[in-house]
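Take a look at the structure below.
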Number of protein chains: 2
Amino acid sequence: MPDEFQLDEQACFALYAASRAVTDAYRPLLGELGLTYPQYLVLLVLWESDARPVKEIGEALHLDYGTLSPLLKRLEANGLLTRARLPEDERTVVISLTEEGRFLRTRAAGVPSAIGCALGLDDASRRELITTLRRLTASATAYSLGGPDAQP
Amino acid sequence: MPDEFQLDEQACFALYAASRAVTDAYRPLLGELGLTYPQYLVLLVLWESDARPVKEIGEALHLDYGTLSPLLKRLEANGLLTRARLPEDERTVVISLTEEGRFLRTRAAGVPSAIGCALGLDDASRRELITTLRRLTASATAYSLGGPDAQP
DNA sequence: CAGAAATACCTTGCACACGATGTAATCGTG
DNA sequence: CACGATTACATCGTGTGCAAGGTATTTCTG
């Protein structure tokens with residue numbers, strides 16, 4: 001019987017390695033734009049719909065405030081976005097793109113297709129991979145929240 | 001036509017999110033053993049074959065010295081392994097498990113199956129996922145090394 | 001065999017990621 | 001309406017990851 005500790009048999013390691021390899025592929029492209037991959041993800045969210053509270057960005061990317069707060073501060077320092085308290089609710093901070101932040105989208109126009117090419121996946125296997133990974137993410141998240149033997 | 005910037009359509013983000021979700025699932029289990037996920041990966045490598053140079057561990061996990069050196073120092077400080085220069089080649093540092101490091105394997109016996117269960121993948125889709133991810137990793141790595149338009 | 005190149009590793013600096021803790025604002029309840 | 005709970009966010013500490021730069025040891029080359 002196979003060794004359950006065998007690295008090659010573990011989907012988790014394949015996932016971990018693939019994730020870093022893909023981020024590596026992004027690095028030179030995003031470096032041209034002065035961005036890291038997580039910063040690029042934040043911009044994707046904002047390009048899709050601007051002026052959102054930090055909470056929504058965190059939900060979209062599954063990132064907590066401890067990660068987002070300093071990241072957003074760096075993007076603000078680079079002139080890509082602004083932070084403003086909501087008058088109706090002084091607790092929430094709304095993140096809005098600056099003109100420069102909106103313009104960066106045109107400079108990033110080639111990135112998705114370049115990466116799509118780098119991954120070397122046809123459209124069908126890409127969709128299937130996304131489906132599998134989403135199921136896996138949901139399953140792992142449920143496990144984390146509920147614990148190995150959760151009793152509701 | 002679909003927006004190429006759409007977060008939901010990007011395999012990269014699914015990968016990034018899944019990788020972190022899986023690491024989250026490991027955290028409580030490994031926390032019991034006083035380990036992080038990358039530290040656990042190093043032990044997997046050493047449990048498979050002990051007394052290896054840092055270079056080999058890095059190749060197995062696709063990690064560089066900048067990550068491994070401090071990580072190995074922490075594992076050494078925790079009494080799980082030792083570092084020794086090779087007499088034949090004073091440049092290389094050989095990492096060997098201590099008695100405690102070897103024993104930890106028995107305490108970690110339940111981890112792989114617990115995670116396997118948490119991911120909720122049957123054996124077939126797990127293997128298929130690993131295959132897809134390995135192709136993807138190879139493709140992304142080749143892209144990173146060769147550049148978008150490499151001319152050998 | 002001397003000097004150059006390569007190798008193995010280490011350290012530093014920066015940017016995530018996450019747990020834990022703190023704070024101000026709002027909400028819910030009696 | 002007082003006051004405890006909740007919410008939204010910030011900060012701090014620790015541990016990765018990676019680029020860049022440094023050192024010591026070996027290997028290669030002329």
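Following the order of the structure tokens, first chain is A, next is B, and so on, with residues numbered from 1 inside each chain and ligands from 1 in the order they appear.
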
Contacts of Asp123 in chain B within 12 Å, only C-alpha atoms (C1' of nucleotides), excl. fewer than 5 positions in-chain, as an MDAnalysis selection string: (chainID A and resid 9:11) or (chainID B and resid 116:117 128:130)

Limited to N, CA and C atoms, could you put the picked residues into a file as a PDB file, in the first residue's frame?
```
ATOM      1  N   GLU A   9       1.831  12.049  -3.810  1.00  0.00           N
ATOM      2  CA  GLU A   9       0.432  11.611  -3.809  1.00  0.00           C
ATOM      3  C   GLU A   9      -0.512  12.664  -3.242  1.00  0.00           C
ATOM      4  N   GLN A  10       0.050  13.769  -2.798  1.00  0.00           N
ATOM      5  CA  GLN A  10      -0.779  14.725  -2.070  1.00  0.00           C
ATOM      6  C   GLN A  10      -1.242  15.868  -2.968  1.00  0.00           C
ATOM      7  N   ALA A  11      -2.560  15.972  -3.084  1.00  0.00           N
ATOM      8  CA  ALA A  11      -3.134  17.062  -3.866  1.00  0.00           C
ATOM      9  C   ALA A  11      -2.764  18.409  -3.250  1.00  0.00           C
TER      10      ALA A  11
ATOM     11  N   GLY B 116      -7.391  14.533   3.633  1.00  0.00           N
ATOM     12  CA  GLY B 116      -8.005  13.878   2.485  1.00  0.00           C
ATOM     13  C   GLY B 116      -9.517  13.914   2.595  1.00  0.00           C
ATOM     14  N   CYS B 117     -10.005  13.657   3.806  1.00  0.00           N
ATOM     15  CA  CYS B 117     -11.439  13.725   4.054  1.00  0.00           C
ATOM     16  C   CYS B 117     -11.955  15.149   3.929  1.00  0.00           C
ATOM     17  N   GLU B 128      -6.681  13.075 -10.878  1.00  0.00           N
ATOM     18  CA  GLU B 128      -6.821  13.923 -12.059  1.00  0.00           C
ATOM     19  C   GLU B 128      -6.410  15.353 -11.732  1.00  0.00           C
ATOM     20  N   LEU B 129      -6.806  15.810 -10.540  1.00  0.00           N
ATOM     21  CA  LEU B 129      -6.424  17.163 -10.117  1.00  0.00           C
ATOM     22  C   LEU B 129      -4.906  17.289 -10.043  1.00  0.00           C
ATOM     23  N   ILE B 130      -4.264  16.294  -9.439  1.00  0.00           N
ATOM     24  CA  ILE B 130      -2.808  16.337  -9.327  1.00  0.00           C
ATOM     25  C   ILE B 130      -2.176  16.407 -10.707  1.00  0.00           C
TER      26      ILE B 130
END
```

Would you tabulate, counting only C-alpha atoms, all residues of chain A that have an atom at most 7 Å from an atom of chain B, showing the closest pair of atoms and their distance in Å to one decimal, sorted by chain then ascending number, as a tab-separated table?
```
residue	atom	partner	partner_atom	distance
A:Glu4	CA	B:Pro112	CA	6.4
A:Phe5	CA	B:Leu44	CA	6.3
A:Leu7	CA	B:Leu44	CA	6.7
A:Ala11	CA	B:Ile130	CA	5.5
A:Cys12	CA	B:Val22	CA	6.9
A:Ala14	CA	B:Ile130	CA	6.0
A:Leu15	CA	B:Ser19	CA	5.8
A:Tyr16	CA	B:Ser19	CA	5.6
A:Ala18	CA	B:Thr137	CA	4.8
A:Ser19	CA	B:Tyr16	CA	5.6
A:Ala21	CA	B:Thr137	CA	5.7
A:Val22	CA	B:Ala140	CA	5.7
A:Asp24	CA	B:Ser144	CA	6.5
A:Ala25	CA	B:Ser144	CA	5.0
A:Leu44	CA	B:Phe5	CA	6.3
A:Pro112	CA	B:Glu4	CA	6.4
A:Ala118	CA	B:Ala140	CA	5.4
A:Leu119	CA	B:Ala140	CA	5.4
A:Gly120	CA	B:Ser139	CA	6.3
A:Arg126	CA	B:Ala11	CA	6.4
A:Ile130	CA	B:Ala11	CA	5.5
A:Leu133	CA	B:Ala18	CA	6.0
A:Arg134	CA	B:Ala14	CA	6.5
A:Leu136	CA	B:Leu119	CA	5.4
A:Thr137	CA	B:Ala18	CA	4.8
A:Ser139	CA	B:Leu119	CA	5.6
A:Ala140	CA	B:Leu119	CA	5.4
A:Thr141	CA	B:Ala21	CA	5.9
A:Tyr143	CA	B:Ala118	CA	5.7
A:Ser144	CA	B:Ala25	CA	5.0
```

May I have the residues from that selection written out with N, CA and C atoms, as a compact mmCIF listing (two decimals), in the first residue's frame?
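Dumped to result-v9.txt:
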```txt
# COMPACT_ATOMS: atom_id res chain seq x y z
N GLU A 4 1.11 7.06 2.93
CA GLU A 4 0.20 8.21 2.96
C GLU A 4 0.98 9.52 3.12
N PHE A 5 2.24 9.42 3.50
CA PHE A 5 3.06 10.62 3.66
C PHE A 5 3.78 11.00 2.36
N LEU A 7 4.89 12.63 -0.74
CA LEU A 7 4.63 13.99 -1.21
C LEU A 7 3.92 13.99 -2.56
N ALA A 11 -2.56 15.97 -3.08
CA ALA A 11 -3.13 17.06 -3.87
C ALA A 11 -2.76 18.41 -3.25
N CYS A 12 -2.63 18.43 -1.92
CA CYS A 12 -2.34 19.68 -1.24
C CYS A 12 -1.02 20.27 -1.69
N ALA A 14 0.57 19.63 -4.53
CA ALA A 14 0.44 20.01 -5.93
C ALA A 14 -0.23 21.39 -6.03
N LEU A 15 -1.19 21.61 -5.17
CA LEU A 15 -1.92 22.88 -5.13
C LEU A 15 -1.00 24.00 -4.69
N TYR A 16 -0.27 23.72 -3.63
CA TYR A 16 0.66 24.69 -3.05
C TYR A 16 1.73 25.07 -4.07
N ALA A 18 1.59 24.67 -7.40
CA ALA A 18 1.00 25.30 -8.58
C ALA A 18 0.68 26.76 -8.30
N SER A 19 0.16 27.02 -7.13
CA SER A 19 -0.20 28.39 -6.79
C SER A 19 1.01 29.30 -6.83
N ALA A 21 3.83 28.71 -8.49
CA ALA A 21 4.35 28.77 -9.86
C ALA A 21 3.57 29.79 -10.68
N VAL A 22 2.25 29.83 -10.48
CA VAL A 22 1.43 30.78 -11.23
C VAL A 22 1.75 32.21 -10.79
N ASP A 24 4.53 33.23 -9.71
CA ASP A 24 5.82 33.54 -10.34
C ASP A 24 5.64 34.03 -11.77
N ALA A 25 4.69 33.38 -12.48
CA ALA A 25 4.47 33.76 -13.87
C ALA A 25 3.93 35.19 -13.96
N LEU A 44 -8.63 44.09 -9.68
CA LEU A 44 -9.65 43.36 -10.45
C LEU A 44 -11.03 43.57 -9.83
N PRO A 112 -4.23 39.11 -18.60
CA PRO A 112 -5.00 37.86 -18.51
C PRO A 112 -4.71 36.90 -19.65
N ALA A 118 0.25 31.19 -20.67
CA ALA A 118 1.33 30.59 -19.87
C ALA A 118 0.87 29.31 -19.18
N LEU A 119 -0.40 29.26 -18.80
CA LEU A 119 -0.89 28.08 -18.08
C LEU A 119 -1.07 26.90 -19.03
N GLY A 120 -1.28 27.20 -20.30
CA GLY A 120 -1.40 26.14 -21.28
C GLY A 120 -2.61 25.25 -21.06
N ARG A 126 -9.77 24.37 -18.29
CA ARG A 126 -9.73 25.50 -17.38
C ARG A 126 -11.03 25.56 -16.56
N ILE A 130 -11.45 25.02 -12.54
CA ILE A 130 -12.09 26.01 -11.66
C ILE A 130 -13.19 25.35 -10.83
N LEU A 133 -11.63 23.17 -8.13
CA LEU A 133 -11.00 23.97 -7.09
C LEU A 133 -12.04 24.66 -6.21
N ARG A 134 -13.15 25.06 -6.82
CA ARG A 134 -14.18 25.72 -6.01
C ARG A 134 -14.84 24.73 -5.06
N LEU A 136 -13.41 22.12 -3.88
CA LEU A 136 -12.37 21.83 -2.89
C LEU A 136 -12.27 22.96 -1.86
N THR A 137 -12.32 24.20 -2.34
CA THR A 137 -12.24 25.35 -1.43
C THR A 137 -13.42 25.35 -0.46
N SER A 139 -15.24 22.81 0.44
CA SER A 139 -15.12 21.67 1.35
C SER A 139 -14.10 21.94 2.45
N ALA A 140 -12.95 22.47 2.06
CA ALA A 140 -11.90 22.76 3.05
C ALA A 140 -12.34 23.85 4.01
N THR A 141 -13.04 24.85 3.49
CA THR A 141 -13.52 25.94 4.33
C THR A 141 -14.53 25.43 5.35
N TYR A 143 -14.73 22.49 6.51
CA TYR A 143 -13.98 21.70 7.49
C TYR A 143 -13.32 22.62 8.53
N SER A 144 -12.71 23.70 8.06
CA SER A 144 -12.05 24.63 8.97
C SER A 144 -13.04 25.25 9.94
```

Residues within 12 Å of Arg107 in chain A, only C-alpha atoms (C1' of nucleotides), excluding chain neighbours under 6 positions, as a list in words: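 Here the answer would be Leu29, Leu30, Glu32, Leu33, Gly34, Leu35, Glu100 and Gly101 of chain A.
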
DG30 in chain C environment, 12 Å, only C-alpha atoms (C1' of nucleotides), sequence neighbours closer than 2 positions dropped, as an NGL selection string: (:C and (28)) or (:D and (1-4))

Give me a file of those residues, with N, CA, C and O atoms (P, O5', C5', C4', C3', O3' and C1' of nucleotides), as a PDB file, in the first residue's frame.
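Below you can see out_11.pdb, which holds the result:
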```
ATOM      1  P    DG C  28     -30.216  45.898  14.919  1.00  0.00           P
ATOM      2  O5'  DG C  28     -30.267  45.260  16.384  1.00  0.00           O
ATOM      3  C5'  DG C  28     -29.250  44.368  16.802  1.00  0.00           C
ATOM      4  C4'  DG C  28     -29.505  43.932  18.236  1.00  0.00           C
ATOM      5  C3'  DG C  28     -30.979  43.701  18.583  1.00  0.00           C
ATOM      6  O3'  DG C  28     -31.070  42.533  19.385  1.00  0.00           O
ATOM      7  C1'  DG C  28     -30.061  45.388  19.997  1.00  0.00           C
TER       8       DG C  28
ATOM      9  P    DC D   1     -34.097  58.991  24.736  1.00  0.00           P
ATOM     10  O5'  DC D   1     -32.893  59.220  25.766  1.00  0.00           O
ATOM     11  C5'  DC D   1     -33.259  59.041  27.158  1.00  0.00           C
ATOM     12  C4'  DC D   1     -32.665  57.767  27.689  1.00  0.00           C
ATOM     13  C3'  DC D   1     -31.193  57.533  27.318  1.00  0.00           C
ATOM     14  O3'  DC D   1     -30.546  56.984  28.457  1.00  0.00           O
ATOM     15  C1'  DC D   1     -32.432  55.641  26.737  1.00  0.00           C
ATOM     16  P    DA D   2     -29.221  57.780  28.899  1.00  0.00           P
ATOM     17  O5'  DA D   2     -28.456  56.564  29.604  1.00  0.00           O
ATOM     18  C5'  DA D   2     -28.974  56.031  30.800  1.00  0.00           C
ATOM     19  C4'  DA D   2     -28.799  54.529  30.809  1.00  0.00           C
ATOM     20  C3'  DA D   2     -27.334  54.059  30.690  1.00  0.00           C
ATOM     21  O3'  DA D   2     -27.130  52.970  31.568  1.00  0.00           O
ATOM     22  C1'  DA D   2     -28.626  53.076  28.979  1.00  0.00           C
ATOM     23  P    DC D   3     -25.643  52.688  32.087  1.00  0.00           P
ATOM     24  O5'  DC D   3     -25.378  51.183  31.645  1.00  0.00           O
ATOM     25  C5'  DC D   3     -26.471  50.335  31.289  1.00  0.00           C
ATOM     26  C4'  DC D   3     -25.991  49.226  30.368  1.00  0.00           C
ATOM     27  C3'  DC D   3     -24.476  49.175  30.150  1.00  0.00           C
ATOM     28  O3'  DC D   3     -24.123  47.828  29.932  1.00  0.00           O
ATOM     29  C1'  DC D   3     -25.504  49.449  28.100  1.00  0.00           C
ATOM     30  P    DG D   4     -22.967  47.120  30.698  1.00  0.00           P
ATOM     31  O5'  DG D   4     -22.905  45.686  30.000  1.00  0.00           O
ATOM     32  C5'  DG D   4     -24.095  44.923  29.935  1.00  0.00           C
ATOM     33  C4'  DG D   4     -24.284  44.340  28.543  1.00  0.00           C
ATOM     34  C3'  DG D   4     -23.027  43.677  27.960  1.00  0.00           C
ATOM     35  O3'  DG D   4     -23.414  42.439  27.358  1.00  0.00           O
ATOM     36  C1'  DG D   4     -23.855  45.262  26.432  1.00  0.00           C
TER      37       DG D   4
END
```

Please produce, as a Markdown table, a per-residue contact table for chain B versus chain C (criterion: any atom at most 8 Å away, only C-alpha atoms (C1' of nucleotides) considered), showing the nearest atom pair and its distance in Å to one decimal, sorted by chain then residue number.
```
| residue | atom | partner | partner_atom | distance |
| --- | --- | --- | --- | --- |
| B:Lys55 | CA | C:DA8 | C1' | 7.5 |
| B:Tyr65 | CA | C:DC9 | C1' | 7.1 |
| B:Gly66 | CA | C:DC10 | C1' | 8.0 |
| B:Ser69 | CA | C:DC10 | C1' | 7.3 |
| B:Arg91 | CA | C:DA8 | C1' | 5.1 |
| B:Thr92 | CA | C:DA8 | C1' | 5.5 |
| B:Val93 | CA | C:DC9 | C1' | 7.7 |
```

Contacts of range 71-83 of chain A within 8 Å, only C-alpha atoms (C1' of nucleotides), excl. fewer than 6 positions in-chain, as number ranges by chain: A: 39, 93-102

Store the residues picked out above, limited to all heavy atoms, as a PDB file, in the first residue's frame.
```
ATOM      1  N   GLN A  39      -2.202  42.664  -4.935  1.00  0.00           N
ATOM      2  CA  GLN A  39      -2.618  44.017  -5.282  1.00  0.00           C
ATOM      3  C   GLN A  39      -3.410  44.017  -6.586  1.00  0.00           C
ATOM      4  O   GLN A  39      -4.424  44.709  -6.714  1.00  0.00           O
ATOM      5  CB  GLN A  39      -1.386  44.922  -5.411  1.00  0.00           C
ATOM      6  CG  GLN A  39      -0.713  45.211  -4.080  1.00  0.00           C
ATOM      7  CD  GLN A  39       0.631  45.904  -4.237  1.00  0.00           C
ATOM      8  OE1 GLN A  39       1.037  46.264  -5.345  1.00  0.00           O
ATOM      9  NE2 GLN A  39       1.342  46.090  -3.133  1.00  0.00           N
ATOM     10  N   VAL A  93     -14.990  51.905   5.710  1.00  0.00           N
ATOM     11  CA  VAL A  93     -14.079  52.659   4.850  1.00  0.00           C
ATOM     12  C   VAL A  93     -14.346  52.248   3.417  1.00  0.00           C
ATOM     13  O   VAL A  93     -14.261  51.057   3.096  1.00  0.00           O
ATOM     14  CB  VAL A  93     -12.620  52.365   5.222  1.00  0.00           C
ATOM     15  CG1 VAL A  93     -11.667  52.945   4.189  1.00  0.00           C
ATOM     16  CG2 VAL A  93     -12.309  52.895   6.611  1.00  0.00           C
ATOM     17  N   VAL A  94     -14.681  53.199   2.577  1.00  0.00           N
ATOM     18  CA  VAL A  94     -14.952  52.906   1.175  1.00  0.00           C
ATOM     19  C   VAL A  94     -13.695  53.155   0.347  1.00  0.00           C
ATOM     20  O   VAL A  94     -13.055  54.192   0.469  1.00  0.00           O
ATOM     21  CB  VAL A  94     -16.112  53.780   0.647  1.00  0.00           C
ATOM     22  CG1 VAL A  94     -16.272  53.600  -0.854  1.00  0.00           C
ATOM     23  CG2 VAL A  94     -17.397  53.427   1.361  1.00  0.00           C
ATOM     24  N   ILE A  95     -13.360  52.157  -0.453  1.00  0.00           N
ATOM     25  CA  ILE A  95     -12.176  52.235  -1.314  1.00  0.00           C
ATOM     26  C   ILE A  95     -12.606  52.630  -2.719  1.00  0.00           C
ATOM     27  O   ILE A  95     -13.464  51.972  -3.317  1.00  0.00           O
ATOM     28  CB  ILE A  95     -11.461  50.876  -1.374  1.00  0.00           C
ATOM     29  CG1 ILE A  95     -11.114  50.390   0.037  1.00  0.00           C
ATOM     30  CG2 ILE A  95     -10.226  50.949  -2.246  1.00  0.00           C
ATOM     31  CD1 ILE A  95     -10.118  51.222   0.772  1.00  0.00           C
ATOM     32  N   SER A  96     -12.026  53.699  -3.232  1.00  0.00           N
ATOM     33  CA  SER A  96     -12.359  54.158  -4.585  1.00  0.00           C
ATOM     34  C   SER A  96     -11.097  54.303  -5.408  1.00  0.00           C
ATOM     35  O   SER A  96     -10.061  54.728  -4.890  1.00  0.00           O
ATOM     36  CB  SER A  96     -13.080  55.512  -4.524  1.00  0.00           C
ATOM     37  OG  SER A  96     -14.198  55.442  -3.670  1.00  0.00           O
ATOM     38  N   LEU A  97     -11.191  53.962  -6.690  1.00  0.00           N
ATOM     39  CA  LEU A  97     -10.051  54.115  -7.588  1.00  0.00           C
ATOM     40  C   LEU A  97      -9.819  55.586  -7.890  1.00  0.00           C
ATOM     41  O   LEU A  97     -10.769  56.368  -7.995  1.00  0.00           O
ATOM     42  CB  LEU A  97     -10.315  53.359  -8.896  1.00  0.00           C
ATOM     43  CG  LEU A  97     -10.305  51.837  -8.783  1.00  0.00           C
ATOM     44  CD1 LEU A  97     -10.831  51.214 -10.070  1.00  0.00           C
ATOM     45  CD2 LEU A  97      -8.909  51.335  -8.474  1.00  0.00           C
ATOM     46  N   THR A  98      -8.566  55.950  -8.045  1.00  0.00           N
ATOM     47  CA  THR A  98      -8.237  57.265  -8.578  1.00  0.00           C
ATOM     48  C   THR A  98      -8.257  57.172 -10.105  1.00  0.00           C
ATOM     49  O   THR A  98      -8.412  56.079 -10.669  1.00  0.00           O
ATOM     50  CB  THR A  98      -6.833  57.693  -8.138  1.00  0.00           C
ATOM     51  OG1 THR A  98      -5.892  56.734  -8.628  1.00  0.00           O
ATOM     52  CG2 THR A  98      -6.726  57.768  -6.620  1.00  0.00           C
ATOM     53  N   GLU A  99      -8.086  58.294 -10.755  1.00  0.00           N
ATOM     54  CA  GLU A  99      -7.983  58.305 -12.215  1.00  0.00           C
ATOM     55  C   GLU A  99      -6.862  57.357 -12.656  1.00  0.00           C
ATOM     56  O   GLU A  99      -7.035  56.538 -13.555  1.00  0.00           O
ATOM     57  CB  GLU A  99      -7.691  59.738 -12.687  1.00  0.00           C
ATOM     58  CG  GLU A  99      -7.827  59.941 -14.179  1.00  0.00           C
ATOM     59  CD  GLU A  99      -9.203  59.496 -14.678  1.00  0.00           C
ATOM     60  OE1 GLU A  99     -10.234  59.859 -14.047  1.00  0.00           O
ATOM     61  OE2 GLU A  99      -9.241  58.771 -15.681  1.00  0.00           O
ATOM     62  N   GLU A 100      -5.734  57.439 -11.954  1.00  0.00           N
ATOM     63  CA  GLU A 100      -4.589  56.588 -12.281  1.00  0.00           C
ATOM     64  C   GLU A 100      -4.927  55.111 -12.087  1.00  0.00           C
ATOM     65  O   GLU A 100      -4.527  54.267 -12.888  1.00  0.00           O
ATOM     66  CB  GLU A 100      -3.401  56.980 -11.388  1.00  0.00           C
ATOM     67  CG  GLU A 100      -2.099  56.328 -11.793  1.00  0.00           C
ATOM     68  CD  GLU A 100      -0.956  56.732 -10.861  1.00  0.00           C
ATOM     69  OE1 GLU A 100      -1.104  57.753 -10.144  1.00  0.00           O
ATOM     70  OE2 GLU A 100       0.060  56.018 -10.839  1.00  0.00           O
ATOM     71  N   GLY A 101      -5.673  54.813 -11.029  1.00  0.00           N
ATOM     72  CA  GLY A 101      -6.063  53.438 -10.782  1.00  0.00           C
ATOM     73  C   GLY A 101      -6.961  52.893 -11.877  1.00  0.00           C
ATOM     74  O   GLY A 101      -6.836  51.731 -12.279  1.00  0.00           O
ATOM     75  N   ARG A 102      -7.876  53.730 -12.359  1.00  0.00           N
ATOM     76  CA  ARG A 102      -8.755  53.308 -13.462  1.00  0.00           C
ATOM     77  C   ARG A 102      -7.952  53.129 -14.737  1.00  0.00           C
ATOM     78  O   ARG A 102      -8.130  52.165 -15.472  1.00  0.00           O
ATOM     79  CB  ARG A 102      -9.870  54.337 -13.673  1.00  0.00           C
ATOM     80  CG  ARG A 102     -11.103  54.105 -12.808  1.00  0.00           C
ATOM     81  CD  ARG A 102     -12.241  55.038 -13.195  1.00  0.00           C
ATOM     82  NE  ARG A 102     -11.917  56.429 -12.958  1.00  0.00           N
ATOM     83  CZ  ARG A 102     -12.059  57.042 -11.780  1.00  0.00           C
ATOM     84  NH1 ARG A 102     -12.533  56.367 -10.749  1.00  0.00           N
ATOM     85  NH2 ARG A 102     -11.743  58.309 -11.645  1.00  0.00           N
TER      86      ARG A 102
END
```

Give as a short mmCIF file (atom, residue, chain, number, x, y, z; two decimals) with N, CA and C atoms (P, O5', C5', C4', C3', O3' and C1' of nucleotides), in the first residue's frame every residue of chain D that touches chain B within 9 Å, counting only C-alpha atoms (C1' of nucleotides).
```cif
data_model
loop_
_atom_site.label_atom_id
_atom_site.label_comp_id
_atom_site.auth_asym_id
_atom_site.auth_seq_id
_atom_site.Cartn_x
_atom_site.Cartn_y
_atom_site.Cartn_z
P DG D 15 7.53 32.13 14.61
"O5'" DG D 15 7.13 31.74 13.12
"C5'" DG D 15 5.80 31.31 12.85
"C4'" DG D 15 5.57 31.29 11.35
"C3'" DG D 15 6.76 30.81 10.53
"O3'" DG D 15 6.30 29.93 9.52
"C1'" DG D 15 6.05 32.89 9.73
P DT D 16 7.26 28.88 8.78
"O5'" DT D 16 8.06 29.79 7.75
"C5'" DT D 16 8.00 29.55 6.35
"C4'" DT D 16 6.70 30.13 5.79
"C3'" DT D 16 6.70 30.20 4.27
"O3'" DT D 16 5.38 30.00 3.80
"C1'" DT D 16 6.50 32.37 5.17
P DG D 17 5.06 29.46 2.38
"O5'" DG D 17 5.48 30.63 1.38
"C5'" DG D 17 6.60 30.47 0.58
"C4'" DG D 17 6.74 31.73 -0.28
"C3'" DG D 17 7.93 31.60 -1.24
"O3'" DG D 17 7.48 31.89 -2.53
"C1'" DG D 17 8.10 33.59 0.07
P DC D 18 8.42 31.52 -3.75
"O5'" DC D 18 9.24 32.86 -4.01
"C5'" DC D 18 8.54 34.03 -4.39
"C4'" DC D 18 9.49 35.21 -4.37
"C3'" DC D 18 10.85 34.93 -5.06
"O3'" DC D 18 11.13 36.00 -5.92
"C1'" DC D 18 11.18 35.88 -2.95
P DA D 24 34.24 34.71 4.45
"O5'" DA D 24 34.31 33.13 4.24
"C5'" DA D 24 33.37 32.32 4.92
"C4'" DA D 24 33.21 31.01 4.17
"C3'" DA D 24 34.54 30.36 3.77
"O3'" DA D 24 34.51 28.99 4.16
"C1'" DA D 24 33.12 30.53 1.90
P DT D 25 35.84 28.12 4.08
"O5'" DT D 25 35.55 27.13 2.87
"C5'" DT D 25 34.35 26.37 2.88
"C4'" DT D 25 34.09 25.83 1.50
"C3'" DT D 25 35.25 25.03 0.89
"O3'" DT D 25 34.82 23.70 0.69
"C1'" DT D 25 34.28 26.53 -0.69
P DT D 26 35.87 22.57 0.32
"O5'" DT D 26 35.76 22.53 -1.27
"C5'" DT D 26 34.65 21.88 -1.82
"C4'" DT D 26 34.39 22.37 -3.23
"C3'" DT D 26 35.24 21.68 -4.30
"O3'" DT D 26 34.41 20.77 -5.01
"C1'" DT D 26 34.90 24.01 -4.73
#
```

Distance in Å - C1' of DT27 in chain D versus CA of Arg85 in chain B: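 Separation between C1' of DT27 in chain D and CA of Arg85 in chain B: 18.5 Å.
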
Picked from range 49-151 of chain A by DSSP as helix (DSSP H, G or I), as an MDAnalysis selection string: chainID A and resid 54:61 65:77 99:107 111:119 123:146

Point-to-point distance in Å for CA of Glu88 in chain B and C1' of DG21 in chain D: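 Interatomic distance, C1' of DG21 in chain D to CA of Glu88 in chain B: 27.0 Å.
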
Residues flagged strand (DSSP E or B) by DSSP in chain A, as a PyMOL selection string: chain A and resi 52-53+81-85+93-97

CA of Gly58 in chain B to CA of Gly31 in chain A, straight-line distance in Å: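 Atom-to-atom, CA of Gly31 in chain A to CA of Gly58 in chain B, that is 24.9 Å.
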